[in-house]
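**Q** Sharing target_35.txt (compact mmCIF, C-alpha atoms) below.
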```
# COMPACT_ATOMS: atom_id res chain seq x y z
CA MET O 1 -128.10 -86.74 -98.18
CA VAL O 2 -131.42 -84.92 -98.14
CA VAL O 3 -130.93 -81.20 -97.50
CA GLY O 4 -133.89 -80.13 -95.37
CA GLY O 5 -135.74 -82.16 -92.77
CA GLY O 6 -139.07 -80.33 -92.58
CA GLU O 7 -142.58 -81.48 -93.36
CA GLY O 8 -141.93 -80.93 -97.06
CA GLN O 9 -139.16 -83.53 -97.03
CA VAL O 10 -140.45 -86.26 -94.68
CA ASN O 11 -142.25 -88.28 -97.36
CA ALA O 12 -139.08 -88.38 -99.47
CA ILE O 13 -136.98 -89.41 -96.47
CA ARG O 14 -139.39 -92.25 -95.74
CA ARG O 15 -139.28 -93.34 -99.37
CA ALA O 16 -135.48 -93.34 -99.43
CA ARG O 17 -135.43 -95.61 -96.40
CA GLU O 18 -138.00 -97.91 -98.06
CA LEU O 19 -135.64 -98.25 -101.04
CA GLY O 20 -132.83 -99.37 -98.76
CA LEU O 21 -130.83 -96.16 -99.00
CA GLU O 22 -128.83 -94.96 -96.02
CA VAL O 23 -130.09 -91.43 -95.39
CA VAL O 24 -128.34 -88.39 -93.95
CA VAL O 25 -130.65 -85.43 -93.25
CA SER O 26 -129.41 -81.88 -92.70
CA ASP O 27 -131.46 -79.11 -91.12
CA ARG O 28 -130.80 -76.20 -88.77
CA ASP O 29 -133.60 -77.37 -86.44
CA PRO O 30 -132.41 -80.08 -84.02
CA ASN O 31 -136.06 -81.10 -83.68
CA ALA O 32 -136.78 -81.29 -87.41
CA PRO O 33 -139.35 -84.02 -88.12
CA GLY O 34 -137.05 -85.61 -90.68
CA LYS O 35 -134.36 -86.19 -88.07
CA VAL O 36 -136.06 -89.16 -86.44
CA LEU O 37 -136.60 -90.80 -89.84
CA ALA O 38 -132.98 -90.59 -90.95
CA ASP O 39 -129.99 -92.81 -90.27
CA HIS O 40 -127.82 -89.76 -89.56
CA PHE O 41 -128.46 -86.10 -88.85
CA VAL O 42 -126.35 -83.00 -89.54
CA GLN O 43 -127.39 -79.76 -87.87
CA ALA O 44 -126.78 -77.28 -90.67
CA ASP O 45 -128.87 -74.45 -92.04
CA THR O 46 -130.06 -75.30 -95.55
CA PHE O 47 -128.62 -71.91 -96.65
CA ASP O 48 -125.19 -72.87 -95.26
CA ALA O 49 -123.30 -74.67 -98.01
CA ARG O 50 -120.07 -74.94 -96.00
CA ALA O 51 -121.69 -76.72 -93.04
CA THR O 52 -123.64 -78.94 -95.42
CA ILE O 53 -120.47 -79.86 -97.33
CA GLU O 54 -118.69 -80.76 -94.10
CA GLY O 55 -121.59 -82.98 -93.04
CA ALA O 56 -121.69 -84.68 -96.43
CA ARG O 57 -117.93 -85.25 -96.28
CA ARG O 58 -118.16 -86.66 -92.76
CA TYR O 59 -120.64 -89.34 -93.83
CA ARG O 60 -119.03 -89.88 -97.26
CA VAL O 61 -122.35 -89.52 -99.05
CA ASP O 62 -122.73 -90.76 -102.62
CA GLY O 63 -125.34 -88.18 -103.58
CA VAL O 64 -127.15 -85.10 -102.33
CA CYS O 65 -130.61 -83.78 -103.17
CA THR O 66 -133.46 -81.63 -101.90
CA LEU O 67 -137.09 -80.88 -102.62
CA GLY O 68 -139.85 -78.60 -101.43
CA THR O 69 -137.99 -75.29 -100.95
CA ASP O 70 -135.93 -73.04 -103.22
CA GLN O 71 -132.65 -72.01 -101.62
CA PRO O 72 -131.37 -75.53 -100.78
CA VAL O 73 -131.08 -76.11 -104.55
CA LEU O 74 -128.03 -73.84 -104.50
CA THR O 75 -126.63 -75.54 -101.40
CA VAL O 76 -127.03 -78.92 -103.12
CA ALA O 77 -125.25 -77.70 -106.27
CA ARG O 78 -122.35 -76.27 -104.26
CA THR O 79 -122.07 -79.46 -102.21
CA ALA O 80 -122.07 -81.68 -105.29
CA ALA O 81 -119.50 -79.47 -107.03
CA GLU O 82 -117.20 -79.35 -104.00
CA LEU O 83 -117.27 -83.12 -103.41
CA GLY O 84 -117.42 -84.20 -107.06
CA LEU O 85 -120.82 -85.84 -106.62
CA PRO O 86 -123.39 -86.41 -109.36
CA GLY O 87 -125.98 -83.69 -109.69
CA PRO O 88 -128.30 -82.15 -112.27
CA HIS O 89 -127.23 -78.50 -111.96
CA SER O 90 -124.08 -76.49 -112.16
CA VAL O 91 -123.64 -73.84 -109.47
CA GLN O 92 -124.39 -71.16 -112.09
CA GLN O 93 -127.67 -72.82 -113.07
CA ALA O 94 -128.64 -73.15 -109.42
CA GLU O 95 -127.87 -69.47 -108.82
CA GLN O 96 -130.08 -68.46 -111.75
CA ALA O 97 -132.90 -70.58 -110.34
CA THR O 98 -132.63 -69.21 -106.79
CA ASN O 99 -131.68 -65.53 -107.21
CA LYS O 100 -134.38 -63.36 -108.78
CA ARG O 101 -131.83 -60.78 -109.92
CA LEU O 102 -130.08 -63.39 -112.07
CA MET O 103 -133.38 -65.04 -112.94
CA LYS O 104 -134.88 -61.86 -114.37
CA ALA O 105 -131.72 -61.16 -116.35
CA LEU O 106 -132.06 -64.64 -117.86
CA PHE O 107 -135.67 -63.90 -118.81
CA ASP O 108 -134.57 -60.66 -120.47
CA ARG O 109 -131.78 -62.28 -122.49
CA HIS O 110 -134.06 -64.98 -123.86
CA GLY O 111 -137.18 -62.93 -124.45
CA LEU O 112 -139.35 -64.81 -121.98
CA PRO O 113 -142.63 -63.04 -121.07
CA HIS O 114 -142.49 -61.60 -117.56
CA SER O 115 -143.51 -58.48 -115.68
CA PRO O 116 -141.38 -55.30 -116.05
CA TYR O 117 -139.08 -54.72 -113.08
CA ARG O 118 -136.23 -52.73 -111.60
CA LEU O 119 -133.63 -53.53 -108.95
CA LEU O 120 -132.95 -51.50 -105.81
CA ASP O 121 -130.02 -51.87 -103.45
CA GLY O 122 -129.15 -50.20 -100.15
CA ARG O 123 -128.56 -46.84 -101.85
CA LEU O 124 -132.33 -46.63 -102.55
CA ASP O 125 -131.92 -44.73 -105.79
CA PHE O 126 -135.56 -44.41 -106.82
CA SER O 127 -134.64 -42.75 -110.12
CA VAL O 128 -134.16 -46.25 -111.55
CA LEU O 129 -137.93 -46.71 -111.31
CA GLU O 130 -138.60 -44.32 -114.20
CA GLY O 131 -140.90 -46.03 -116.70
CA LEU O 132 -142.14 -48.60 -114.17
CA HIS O 133 -145.86 -48.26 -113.49
CA PRO O 134 -147.43 -48.69 -110.03
CA PRO O 135 -148.73 -50.53 -108.15
CA TYR O 136 -145.64 -52.62 -107.42
CA VAL O 137 -144.66 -55.88 -105.78
CA ILE O 138 -141.34 -55.81 -103.91
CA LYS O 139 -139.40 -59.02 -103.33
CA PRO O 140 -136.00 -59.87 -101.81
CA VAL O 141 -134.02 -61.47 -104.62
CA ASP O 142 -132.79 -64.50 -102.69
CA SER O 143 -135.25 -65.30 -99.94
CA GLN O 144 -138.01 -67.92 -99.87
CA GLY O 145 -141.44 -68.60 -98.40
CA GLN O 146 -142.65 -65.09 -99.36
CA ARG O 147 -140.50 -63.48 -96.68
CA GLY O 148 -140.27 -59.77 -97.39
CA VAL O 149 -142.72 -59.88 -100.31
CA ARG O 150 -145.09 -56.92 -100.21
CA PHE O 151 -147.64 -55.11 -102.37
CA VAL O 152 -147.20 -51.31 -102.47
CA ARG O 153 -149.46 -48.85 -104.22
CA ASP O 154 -146.93 -46.16 -105.14
CA ARG O 155 -143.44 -44.82 -104.55
CA ARG O 156 -144.39 -43.33 -101.22
CA GLU O 157 -145.37 -46.74 -99.84
CA LEU O 158 -142.33 -48.27 -101.49
CA ALA O 159 -140.06 -45.83 -99.67
CA LEU O 160 -141.71 -46.75 -96.36
CA HIS O 161 -141.29 -50.51 -96.71
CA VAL O 162 -138.36 -51.27 -99.03
CA GLU O 163 -135.80 -51.50 -96.22
CA GLU O 164 -137.92 -54.13 -94.51
CA SER O 165 -137.77 -56.18 -97.70
CA LEU O 166 -134.02 -55.54 -98.08
CA ALA O 167 -133.47 -57.04 -94.62
CA PHE O 168 -134.48 -60.44 -96.03
CA SER O 169 -131.99 -60.28 -98.92
CA ARG O 170 -128.53 -61.76 -98.42
CA ASP O 171 -127.65 -60.44 -101.88
CA GLY O 172 -128.51 -56.87 -100.85
CA HIS O 173 -131.05 -56.29 -103.64
CA VAL O 174 -134.82 -56.21 -103.91
CA LEU O 175 -136.88 -56.64 -107.03
CA VAL O 176 -139.50 -53.96 -107.71
CA GLU O 177 -141.97 -55.40 -110.19
CA GLU O 178 -145.10 -54.07 -111.86
CA TYR O 179 -148.11 -55.78 -110.31
CA TYR O 180 -149.80 -58.05 -112.86
CA PRO O 181 -153.36 -58.85 -111.75
CA GLY O 182 -154.64 -62.29 -112.61
CA ASP O 183 -154.45 -65.94 -111.57
CA GLU O 184 -151.43 -67.92 -110.44
CA LEU O 185 -150.60 -71.41 -111.66
CA THR O 186 -147.75 -73.89 -111.46
CA PHE O 187 -146.19 -76.01 -114.18
CA SER O 188 -144.48 -79.17 -112.87
CA GLY O 189 -142.38 -81.41 -115.07
CA TRP O 190 -139.15 -83.33 -115.51
CA VAL O 191 -136.24 -82.87 -117.90
CA ARG O 192 -134.54 -85.93 -119.36
CA GLN O 193 -131.56 -85.41 -121.68
CA GLY O 194 -132.83 -81.93 -122.46
CA ARG O 195 -136.38 -83.02 -123.27
CA VAL O 196 -139.21 -81.61 -121.16
CA TYR O 197 -141.71 -84.14 -119.87
CA PRO O 198 -144.77 -82.15 -118.69
CA LEU O 199 -146.57 -83.62 -115.69
CA THR O 200 -149.18 -81.20 -114.30
CA ILE O 201 -150.48 -77.64 -114.54
CA THR O 202 -152.22 -76.71 -111.31
CA ASP O 203 -154.02 -73.57 -110.22
CA ARG O 204 -152.55 -71.93 -107.17
CA ARG O 205 -155.53 -70.78 -105.12
CA THR O 206 -154.37 -67.76 -103.18
CA PHE O 207 -155.60 -65.06 -100.84
CA SER O 208 -154.21 -61.67 -99.95
CA GLN O 209 -153.98 -59.89 -96.63
CA PHE O 210 -152.67 -56.60 -97.94
CA PRO O 211 -149.89 -55.71 -98.09
CA HIS O 212 -149.10 -59.45 -98.30
CA ILE O 213 -150.33 -61.06 -101.51
CA GLY O 214 -150.38 -64.42 -103.24
CA ILE O 215 -150.57 -66.56 -100.10
CA CYS O 216 -151.28 -70.05 -101.43
CA TYR O 217 -153.89 -72.11 -99.59
CA ALA O 218 -154.58 -74.80 -102.23
CA HIS O 219 -153.49 -76.37 -105.50
CA THR O 220 -156.21 -77.69 -107.81
CA PHE O 221 -156.02 -79.89 -110.88
CA PRO O 222 -156.82 -79.63 -113.73
CA SER O 223 -156.08 -75.96 -114.19
CA ARG O 224 -159.00 -73.86 -115.39
CA HIS O 225 -156.53 -72.25 -117.83
CA TYR O 226 -155.34 -75.49 -119.41
CA HIS O 227 -157.56 -75.46 -122.51
CA ARG O 228 -156.91 -71.83 -123.41
CA TYR O 229 -153.29 -71.44 -122.36
CA GLY O 230 -151.91 -74.97 -121.89
CA GLY O 231 -149.93 -74.85 -125.12
CA GLN O 232 -148.41 -71.46 -124.32
CA ILE O 233 -147.53 -72.54 -120.79
CA LEU O 234 -145.74 -75.61 -122.10
CA GLU O 235 -143.88 -73.58 -124.73
CA ILE O 236 -142.76 -70.98 -122.15
CA SER O 237 -141.56 -73.84 -119.93
CA ARG O 238 -139.58 -75.43 -122.75
CA ARG O 239 -137.97 -72.10 -123.65
CA THR O 240 -137.06 -71.56 -119.99
CA VAL O 241 -135.39 -74.97 -119.80
CA GLU O 242 -133.45 -74.15 -122.95
CA ALA O 243 -132.44 -70.75 -121.55
CA LEU O 244 -131.11 -72.35 -118.38
CA GLY O 245 -129.35 -75.10 -120.31
CA LEU O 246 -130.98 -77.75 -118.14
CA ARG O 247 -130.46 -81.35 -119.18
CA GLU O 248 -131.91 -83.31 -116.26
CA GLY O 249 -134.11 -82.90 -113.23
CA PRO O 250 -137.37 -81.57 -111.78
CA LEU O 251 -139.16 -78.38 -112.84
CA TYR O 252 -141.44 -76.15 -110.80
CA PHE O 253 -142.36 -72.98 -112.69
CA GLN O 254 -144.82 -70.44 -111.30
CA MET O 255 -146.72 -68.34 -113.83
CA LEU O 256 -149.28 -65.54 -113.84
CA VAL O 257 -152.23 -65.46 -116.24
CA GLY O 258 -153.87 -62.10 -116.79
CA GLU O 259 -155.02 -59.71 -119.49
CA HIS O 260 -151.86 -60.25 -121.56
CA GLY O 261 -151.81 -64.03 -121.25
CA PRO O 262 -149.26 -66.16 -119.37
CA ARG O 263 -146.15 -64.60 -117.88
CA ILE O 264 -143.45 -66.51 -116.09
CA ASN O 265 -143.17 -65.33 -112.51
CA GLU O 266 -140.53 -67.47 -110.79
CA ILE O 267 -138.72 -70.71 -111.57
CA ALA O 268 -137.40 -73.50 -109.39
CA CYS O 269 -135.45 -76.63 -110.29
CA ARG O 270 -136.92 -78.88 -107.64
CA ILE O 271 -140.01 -80.89 -106.76
CA GLY O 272 -142.71 -78.58 -105.39
CA GLY O 273 -143.35 -78.03 -101.71
CA ALA O 274 -147.15 -78.45 -101.64
CA TYR O 275 -146.91 -82.25 -101.45
CA GLU O 276 -146.16 -82.58 -105.19
CA ASP O 277 -144.01 -85.62 -104.41
CA GLN O 278 -147.24 -87.28 -103.28
CA PHE O 279 -150.00 -85.88 -105.47
CA ILE O 280 -148.16 -85.93 -108.81
CA PRO O 281 -147.43 -89.68 -108.52
CA ALA O 282 -151.08 -90.19 -107.52
CA LEU O 283 -152.23 -88.41 -110.71
CA THR O 284 -149.57 -89.58 -113.15
CA GLY O 285 -147.89 -92.70 -111.81
CA VAL O 286 -144.51 -90.98 -112.21
CA ALA O 287 -142.22 -91.86 -109.28
CA LEU O 288 -140.83 -88.38 -108.59
CA ASN O 289 -138.87 -89.16 -105.44
CA ASP O 290 -137.26 -92.22 -106.99
CA LEU O 291 -136.24 -90.17 -110.04
CA ASN O 292 -134.78 -87.54 -107.72
CA PHE O 293 -132.71 -90.11 -105.81
CA ALA O 294 -131.49 -91.80 -109.00
CA LEU O 295 -130.41 -88.44 -110.41
CA ALA O 296 -128.55 -87.52 -107.22
CA LEU O 297 -126.72 -90.86 -107.24
CA GLY O 298 -125.95 -90.87 -110.97
CA LEU O 299 -127.94 -94.07 -111.55
CA GLY O 300 -129.97 -95.22 -114.55
CA GLY O 301 -131.61 -93.00 -117.14
CA SER O 302 -132.25 -90.23 -114.64
CA GLY O 303 -128.59 -90.15 -113.73
CA SER O 304 -127.22 -90.22 -117.26
CA GLU O 305 -126.30 -86.53 -117.39
CA ALA O 306 -124.85 -86.55 -113.89
CA ARG O 307 -122.77 -89.58 -114.74
CA ARG O 308 -121.60 -87.98 -118.02
CA ARG O 309 -120.44 -84.88 -116.13
CA ARG O 310 -118.52 -86.98 -113.65
CA GLU O 311 -116.87 -89.21 -116.28
CA SER O 312 -115.90 -86.20 -118.40
CA GLY O 313 -114.02 -84.70 -115.48
CA GLU O 314 -116.66 -82.15 -114.46
CA GLY O 315 -117.04 -84.19 -111.27
CA SER O 316 -114.53 -86.42 -109.53
CA SER O 317 -116.52 -88.42 -107.03
CA GLU O 318 -114.74 -91.20 -105.20
CA GLY O 319 -118.12 -92.63 -104.28
CA ARG O 320 -119.45 -95.96 -105.45
CA ASP O 321 -121.00 -96.37 -108.89
CA PRO O 322 -123.06 -99.53 -108.34
CA GLU O 323 -125.20 -101.30 -110.85
CA SER O 324 -128.64 -99.71 -110.87
CA PRO O 325 -131.13 -101.42 -108.55
CA PRO O 326 -134.57 -102.37 -109.93
CA TRP O 327 -136.33 -99.29 -108.53
CA VAL O 328 -134.22 -97.06 -110.78
CA ASP O 329 -135.44 -98.75 -113.97
CA GLU O 330 -139.01 -98.71 -112.66
CA ALA O 331 -138.82 -94.97 -111.96
CA ASP O 332 -137.36 -94.34 -115.41
CA ALA O 333 -140.16 -96.35 -117.01
CA SER O 334 -142.82 -94.46 -115.04
CA LEU O 335 -141.66 -91.22 -116.69
CA ARG O 336 -141.33 -92.63 -120.21
CA LEU O 337 -144.71 -94.35 -120.13
CA PHE O 338 -146.75 -91.44 -118.76
CA SER O 339 -149.08 -89.92 -121.34
CA TYR O 340 -149.64 -86.18 -120.77
CA PRO O 341 -152.07 -84.76 -119.72
CA ALA O 342 -153.15 -86.74 -116.69
CA SER O 343 -156.80 -87.54 -116.13
CA GLY O 344 -158.69 -87.10 -112.88
CA SER O 345 -159.13 -84.20 -110.50
CA LEU O 346 -157.35 -83.18 -107.34
CA ALA O 347 -157.29 -80.54 -104.63
CA VAL O 348 -154.50 -80.12 -102.09
CA LEU O 349 -155.44 -77.90 -99.16
CA LEU O 350 -152.76 -76.11 -97.16
CA PHE O 351 -154.03 -75.29 -93.70
CA PHE O 352 -152.96 -72.27 -91.65
CA ALA O 353 -153.63 -72.78 -87.95
CA ARG O 354 -152.38 -71.73 -84.58
CA ALA O 355 -150.91 -74.32 -82.25
CA GLY O 356 -153.59 -76.41 -80.63
CA ARG O 357 -154.76 -79.88 -79.69
CA VAL O 358 -156.27 -82.41 -82.09
CA GLN O 359 -159.69 -83.31 -80.69
CA GLN O 360 -160.79 -85.98 -83.14
CA LEU O 361 -159.47 -87.94 -86.13
CA GLY O 362 -161.70 -89.34 -88.85
CA SER O 363 -161.55 -92.91 -90.08
CA ARG O 364 -158.97 -93.71 -92.75
CA GLU O 365 -160.91 -96.85 -93.58
CA ASP O 366 -163.99 -94.80 -94.43
CA LEU O 367 -161.92 -92.56 -96.68
CA ARG O 368 -160.31 -95.51 -98.46
CA ALA O 369 -163.76 -96.94 -99.14
CA VAL O 370 -164.63 -93.94 -101.35
CA SER O 371 -163.75 -94.91 -104.91
CA TYR O 372 -162.39 -91.55 -106.08
CA THR O 373 -159.99 -90.91 -103.21
CA HIS O 374 -156.28 -91.66 -103.02
CA LEU O 375 -155.06 -91.45 -99.43
CA THR O 376 -151.40 -90.48 -99.19
CA LEU O 377 -150.94 -89.38 -95.59
```
Represent the structure from my file as C-alpha cells, please.
**A**
Amino acid sequence: MVVGGGEGQVNAIRRARELGLEVVVSDRDPNAPGKVLADHFVQADTFDARATIEGARRYRVDGVCTLGTDQPVLTVARTAAELGLPGPHSVQQAEQATNKRLMKALFDRHGLPHSPYRLLDGRLDFSVLEGLHPPYVIKPVDSQGQRGVRFVRDRRELALHVEESLAFSRDGHVLVEEYYPGDELTFSGWVRQGRVYPLTITDRRTFSQFPHIGICYAHTFPSRHYHRYGGQILEISRRTVEALGLREGPLYFQMLVGEHGPRINEIACRIGGAYEDQFIPALTGVALNDLNFALALGLGGSGSEARRRRESGEGSSEGRDPESPPWVDEADASLRLFSYPASGSLAVLLFFARAGRVQQLGSREDLRAVSYTHLTL
C-alpha cells in the first residue's frame, strides 16, 4: 500500500507495478493521479490512520509505505503497528519526525543545533516568549506544505496572526521560532542497521512573499555549502539519527546555514517530495523506491530491521514472507556500492502556475541527444 496518490507518489507507484507488486493506493482525492495507476484504490485522507488501516486490512496488504510528504509517515507507522506489518519506524519515532513540538524537544535533549523557540497554545500566553528575540517565524506543529507558516516582525504582528497559524494545527500548538537568516539546504540519505549512508546535499532555492517565507522553487546539486560545511552537515545528520534511534529507512533533513553555521530546521523520515525518488537515483545509482518497497515488505537487507521486529514479537503480521526477488538484492547492492559524494550537477525546477492549456511540447528525442541530460519524466 502506498499512502498518498499525488504527483509526488506517481513515479513510485509506476515502479512498484514494474516490479510486479500488486499496489493499493490511498488518497482523499477520488481523482488522485495515482488512482489510475494502482490495482486498488482506497479513498482515505493521508492524515486518517483509521481509514487507512481499514483499507489496508480490506486488501490484506503485506506492507505499507509513503514518500514525498511528511504527515503520512505517522499514518504508515500506525497502520504497520496496528496490523503487525514490517516497517522502519515505531509510532513514537514517527511522531517525533512529524510533530515539531516533539521534534524540538528531541533536539533539546540531544544538544542538536537549532533556532531558539517557544510554544504557544490557544491560551496565547505571550509571557512565554521572554528571552526570544524577534523577528519570528510561526509554524503549526503538525501541518505540512508550509500551511500556516508565517514571518512576523514583532509581538504585535504575532498577536495579529497566531490564531490563523493555530487553525492549521491539529495538536493545538504553534512553534514561535527566532528567524535565522541564511540559506536552506537538504540532506538526503538512507539508514541501514543504524549506519547513515549519505546520498546528496542540495541547496533549496527559495523565494519569499512576505509574510510567507522559504517557498522552494528549485533544488540544485552540488550544494554551494558542501566544501565548507559538508562535514558538519553529515555529523549533525548522524547525531539526529542516533537521537531518534533510527535503524532503517530514508532521511530527509532540512537545515539552515547562516552566520552561526548549520542548524537543523526540520527532519523527515521519508524520501523527499521534490522528485528525489527520480533525481537521486540519476545522480547516485541508488534505487530509492526499490529500497523503500523492500523495507516496507521486510525483504532483503533493507528489510532486516523490520523483519527482526516482527520475529521478536514487536510485529505479528500474518502476511507472506517470500524469498526475496532479484530486485531486492539489486537495490541493496546499489546502496552498498555507492561512493559518496556523487559527481555531476543537477537542478530540479518546481513550477508554480495557474491552470491553463499546454500550447506546445518540446522534443524528448532532442533532449536525449544532449550528452549531459538524464530525462526522467
**Q** Leaving out region 262-274 of chain O and any residue of its chain fewer than 2 positions from it, which residues lie within 8 Å of it when counting all atoms listed in the file, given as a PyMOL selection string?
**A** chain O and resi 8+66-70+73+94+97-98+100+103+112-115+188+219+229+232-233+236+249-258+260+276-277+288+348+350
**Q** Which is closest to Glu178 (chain O) among O:Leu199, O:Val141, O:Leu349, O:Leu119, if we use all atoms listed in the file?
**A**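 The closest residue to Glu178 (chain O) is O:Leu119.
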**Q** Which residue is closest to Phe207 (chain O)? Choose from O:Gly194, O:Asp108, O:Phe352, O:Ala347 and count only C-alpha atoms.
**A**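 Among O:Gly194, O:Asp108, O:Phe352, O:Ala347, it is O:Phe352 that comes nearest to Phe207 (chain O).
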**Q** Using all atoms of region 216-234 of chain O that appear in the file, construct an axis-aligned enclosing box with 3 Å of padding on every side and provide its centre coordinates and edge lengths in Å, rounded to one decimal, as JSON.
**A**
```
{"center_x": -152.4, "center_y": -75.0, "center_z": -112.4, "size_x": 19.3, "size_y": 15.8, "size_z": 31.5}
```
**Q** Provide the CA of Ser165 (chain O) to CA of Ile138 (chain O) distance in Å, to one decimal place.
**A**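 Going from CA of Ser165 (chain O) over to CA of Ile138 (chain O), I get 7.2 Å.
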**Q** What is the CA of Ser339 (chain O)-CA of Leu246 (chain O) distance in Å, reported with one decimal?
**A** 22.0 Å
**Q** Tell me, in Å to one decimal, how far CA of Leu185 (chain O) is from CA of Pro341 (chain O).
**A** 15.7 Å
**Q** Just checking: using only C-alpha atoms, which residue out of O:Tyr117, O:Val196, O:Glu164, O:Gln144 ends up closest to Glu177 (chain O)?
**A**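 When distances to Glu177 (chain O) are compared using only C-alpha atoms, the smallest one comes from O:Tyr117.
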**Q** Choose the residue, out of O:Arg60, O:Arg204, O:Arg123, O:Arg28, that has the smallest atom-to-atom separation from Met1 (chain O); count all atoms listed in the file.
**A**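 Under the stated criterion, the closest residue is O:Arg60.
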**Q** Find the residue from O:Ser363, O:Thr284, O:Gln209, O:Gln193 that sits nearest to Val149 (chain O); use only C-alpha atoms when measuring.
**A** O:Gln209
**Q** Have a look at O:Arg118, O:Val328, O:Val36, O:Leu299 and name the one nearest to Gly63 (chain O); count all atoms listed in the file.
**A**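 Looking at the shortest contact to Gly63 (chain O), the residue is O:Leu299.
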**Q** Name the residues within 6 Å of (-133.3, -87.3, -91.2), counting all atoms listed in the file in the file's coordinates, and put them as a list in words.
**A**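 The requested residues, written out, are Gly5, Val24, Val25, Gly34, Lys35, Val36, Leu37, Ala38 and Phe41 of chain O.
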**Q** Residues within 9 Å of region 325-327 of chain O, please, as number ranges by chain. Count only C-alpha atoms; anything in the same chain fewer than 2 positions from it doesn't count.
**A** O: 19, 290, 294, 299-300, 322-323, 329-332
**Q** For the residues selected in the previous step, produce a file with C-alpha atoms as a PDB file, in the coordinates of the input.
**A**
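What landed in part.pdb:
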```pdb
ATOM      1  CA  LEU O  19    -135.640 -98.250-101.040  1.00  0.00           C
ATOM      2  CA  ASP O 290    -137.260 -92.220-106.990  1.00  0.00           C
ATOM      3  CA  ALA O 294    -131.490 -91.800-109.000  1.00  0.00           C
ATOM      4  CA  LEU O 299    -127.940 -94.070-111.550  1.00  0.00           C
ATOM      5  CA  GLY O 300    -129.970 -95.220-114.550  1.00  0.00           C
ATOM      6  CA  PRO O 322    -123.060 -99.530-108.340  1.00  0.00           C
ATOM      7  CA  GLU O 323    -125.200-101.300-110.850  1.00  0.00           C
ATOM      8  CA  ASP O 329    -135.440 -98.750-113.970  1.00  0.00           C
ATOM      9  CA  GLU O 330    -139.010 -98.710-112.660  1.00  0.00           C
ATOM     10  CA  ALA O 331    -138.820 -94.970-111.960  1.00  0.00           C
ATOM     11  CA  ASP O 332    -137.360 -94.340-115.410  1.00  0.00           C
TER      12      ASP O 332
END
```
